Amino acid sequence: MGFFNKTRSSGDRPSPLIPRATTRSGAAASPVAQASAAHNRRSGSDVRSSNGLKEFLWNLEGLNNGCLLDLGPVWQSTITFFVERGFKLYADDVLRDWKEFLTVEEQRLRAIQPGQDASEMTPESRAERFLKTNVQYPRNNFDAMLIWDLLDYLDRPLVKRLVEHLTDLLRPGGVVLAMFHNRKPETFHRYRIFDAQNLELVPAPPLFTIQQTLQNREIQDLFRPFRTTKSFVGRDQLREVLFVK
Amino acid sequence: MWKKPEDNKPQPFPDPAGPGAPSGHPTGTVPGIPATATACVSQGIKIKGEVHGREDLFVDGILQGKISITEGTVTVGPNGHVNAEIEAREIIVRGEVTGTLKARERVQIWSSGRAIGDVQTRRIAIEDGAVLRGKVEILQQKDELRATRPVNPPAAKAPVATVPASVKE
C-alpha cells in the first residue's frame, strides 16, 4: 500500500490512470479543451478542469482491484472510467436517499398526535436513523470515495455523523475527494467524470437548497482523523479538497 | 393482456457497445415487449418462487424469489417490481429491481430503471436518470472461466434430488 503514503503534489507527472495524450494541462487549444467546449455546446452541461480529480487519481495510482464508493448519482461515464481502470465501483446516491427518507419522516411527523412523544424527530436522531438503513457497508471496505458537494446540502447533524461513518468505511490510507461551495451556487449540479482531468457538471432539478457553506476550519474539524489534505479553489468558487486517511 | 399503455413504448437508449452489438431493446410488434420474449409476467400478475429456463423472460408484474435464465434476456418492464436474484445472459431494467444482477454479457438500466443490489456483468449500460445502489463489478474473461470451471473437479456423486421450481400465483 505504498501509494497511500504519497504526500507530494501530482503536478504534471504522467500517471497510468491518466491517458498520456491528455496529461498536459493548461493548453487552451488542446484537443481535450476543444472536445470539452464542443461537449458543452451540445449537452448544455459544463466541463471544468479539476485539480482535485487529478490529485485523487494520482493517489490511486498503482492500486489494483480497488474499491471506490461514489456518493453521487450513477453515471455511465463515471462507471466506465473507473471500471476500465480495474476498480470495483459502489454507487450510492446519498442525496436522493436522504430526500426519500425525509419524505417518509414528514409523513411520520404528520401522523404524530398532539401530546405524543416526538423526541425521535430531532435532527440528531433523524441523522442516526438515516445512517442505520443507508450507506451500510463493512468497515475499512473502501480505498477511495467521491463525496462531491454532498455535504453542503445535508443537515449539519447528518454531515457530522456521515463523515464519521464514512471515515469508518475507508481503509487506512484511503483517499476522499470532496467539494465545498465558497458561495451559494446559482444552479444545482450533479457531477460526473468527463476524463482524467475534467469533471462534467450536469444541471439537475434541485433536490435541496444549499444548507451551509462550510468554512475552512469547519471542514478541517469534520475531517480531523485524516492526515493529509489538499485544497484547490476554482474560478467558480468551488473548493475541491482531497483527504487521505 | 398484451396491450400496454402508451408510456410503455420503446424509448431510445444509448448503446455503448456500438451499432453492431446485439441489442435487447424492445423491438417487438407489441409495444414494450421484446420480440424474442416467449415468457411474460404481465402487469397484475404476482409470482413468488424460482423461475428457471433458457428462453427470454419479460416481467412487468411482481416477482419475488430467484430468476435464472441462463441463455436468454430478462427484461424488467416499466411496471415490473422484482425482488430477486437474477442470473441471465442479459438483463434489462426498466422498472424496479431489488437483488443481485448477474449477467454473463450485459446489464442495461434505462432512465426509468431502479436497481438496488450488486451488479456483476461483462458490460454495463446506464441511461442518465437511472438509479443504481450497489456494487458494480465487471467480469473479465478469466473471472468467468474461474466461475464456471471448478479447480478440482468433484468426484462422481450419486444423483441428488433437486427441489422443483415452485411457482405460485
# chains A, B, ... in the order shown; residues from 1 in each chain; ligands from 1
$ interface_residues --of "chain B" --to "chain A" --cutoff "6 Å" --atoms "only C-alpha atoms" --output "list in words"
Ile126, Arg133, Gly134, Lys135, Val136 and Glu137 of chain B
$ residues_around --residues "Asp60 in chain B" --least-positions-apart "6" --cutoff "9 Å" --atoms "only C-alpha atoms" --output "ChimeraX atom specification"
/B:40-45,75-82,95
$ select_by_dssp --residues "range 171-234 of chain A" --states "alpha helix (DSSP H)" --output "list in words"
Asn216, Arg217, Glu218, Ile219, Gln220, Asp221 and Leu222 of chain A
$ residues_around --residues "Arg192 in chain A" --least-positions-apart "2" --cutoff "8 Å" --atoms "only C-alpha atoms" --output "list in words"
Trp75, Ser77, Thr78, Arg190, Phe194, Leu199, Glu200, Leu201 and Val202 of chain A
$ write_last_selection --atoms "N, CA and C atoms" --output "PDB file, in the first residue's frame"
ATOM      1  N   TRP A  75     -23.599   7.297 -13.093  1.00  0.00           N
ATOM      2  CA  TRP A  75     -23.436   7.754 -14.479  1.00  0.00           C
ATOM      3  C   TRP A  75     -22.622   6.725 -15.238  1.00  0.00           C
ATOM      4  N   SER A  77     -20.510   7.340 -17.605  1.00  0.00           N
ATOM      5  CA  SER A  77     -19.129   7.778 -17.837  1.00  0.00           C
ATOM      6  C   SER A  77     -18.260   7.524 -16.605  1.00  0.00           C
ATOM      7  N   THR A  78     -18.803   7.758 -15.430  1.00  0.00           N
ATOM      8  CA  THR A  78     -18.019   7.559 -14.210  1.00  0.00           C
ATOM      9  C   THR A  78     -17.739   6.072 -13.998  1.00  0.00           C
ATOM     10  N   ARG A 190     -25.171  17.958 -10.617  1.00  0.00           N
ATOM     11  CA  ARG A 190     -24.597  16.676 -10.240  1.00  0.00           C
ATOM     12  C   ARG A 190     -23.292  16.556 -11.029  1.00  0.00           C
ATOM     13  N   PHE A 194     -15.586  13.395 -16.680  1.00  0.00           N
ATOM     14  CA  PHE A 194     -15.545  13.617 -18.121  1.00  0.00           C
ATOM     15  C   PHE A 194     -14.307  12.920 -18.686  1.00  0.00           C
ATOM     16  N   LEU A 199     -14.137  17.357 -14.921  1.00  0.00           N
ATOM     17  CA  LEU A 199     -15.429  16.907 -14.424  1.00  0.00           C
ATOM     18  C   LEU A 199     -16.518  17.554 -15.256  1.00  0.00           C
ATOM     19  N   GLU A 200     -17.620  16.843 -15.374  1.00  0.00           N
ATOM     20  CA  GLU A 200     -18.765  17.415 -16.070  1.00  0.00           C
ATOM     21  C   GLU A 200     -19.821  17.789 -15.029  1.00  0.00           C
ATOM     22  N   LEU A 201     -20.289  19.012 -15.100  1.00  0.00           N
ATOM     23  CA  LEU A 201     -21.337  19.472 -14.193  1.00  0.00           C
ATOM     24  C   LEU A 201     -22.660  19.362 -14.932  1.00  0.00           C
ATOM     25  N   VAL A 202     -23.517  18.508 -14.459  1.00  0.00           N
ATOM     26  CA  VAL A 202     -24.788  18.264 -15.139  1.00  0.00           C
ATOM     27  C   VAL A 202     -25.890  19.014 -14.377  1.00  0.00           C
TER      28      VAL A 202
END
$ residues_around --residues "Tyr153 in chain A" --least-positions-apart "3" --cutoff "12 Å" --atoms "only C-alpha atoms" --output "JSON, numbers by chain"
{"A": [94, 95, 96, 98, 99, 147, 148, 149, 150, 156, 157, 158, 159, 179, 180, 181, 184, 185, 188, 189, 190, 206, 207, 208, 209, 210, 211, 212, 213, 214]}
$ write_last_selection --atoms "C-alpha atoms" --output "short mmCIF file (atom, residue, chain, number, x, y, z; two decimals), in the first residue's frame"
data_model
loop_
_atom_site.label_atom_id
_atom_site.label_comp_id
_atom_site.auth_asym_id
_atom_site.auth_seq_id
_atom_site.Cartn_x
_atom_site.Cartn_y
_atom_site.Cartn_z
CA VAL A 94 -27.00 9.70 -0.67
CA LEU A 95 -28.74 12.94 -1.57
CA ARG A 96 -31.56 11.10 -3.32
CA TRP A 98 -31.92 11.48 2.07
CA LYS A 99 -34.71 13.13 0.10
CA ILE A 147 -18.29 12.71 -1.92
CA TRP A 148 -18.73 15.52 -4.46
CA ASP A 149 -20.54 18.57 -2.94
CA LEU A 150 -22.97 16.41 -0.98
CA ARG A 156 -25.40 19.77 9.91
CA PRO A 157 -26.09 16.91 12.37
CA LEU A 158 -26.14 14.47 9.45
CA VAL A 159 -22.98 15.96 7.94
CA MET A 179 -16.17 19.61 -2.81
CA PHE A 180 -17.47 22.64 -0.97
CA HIS A 181 -19.07 25.76 -2.32
CA LYS A 184 -24.23 29.73 -2.74
CA PRO A 185 -24.28 28.19 -6.23
CA PHE A 188 -27.88 22.68 -8.67
CA HIS A 189 -25.46 20.33 -10.38
CA ARG A 190 -24.60 16.68 -10.24
CA PRO A 206 -32.65 20.81 -7.22
CA LEU A 207 -33.17 18.08 -4.62
CA PHE A 208 -32.33 20.54 -1.83
CA THR A 209 -31.26 24.10 -1.43
CA ILE A 210 -27.77 24.54 -0.06
CA GLN A 211 -27.83 24.16 3.73
CA GLN A 212 -24.49 25.76 4.59
CA THR A 213 -21.23 26.92 3.14
CA LEU A 214 -18.59 25.37 5.35
#
$ closest_residue --among "A:Glu55, A:Glu164, A:Glu120, A:Asp46" --to "Thr229 in chain A" --atoms "only C-alpha atoms"
A:Glu55
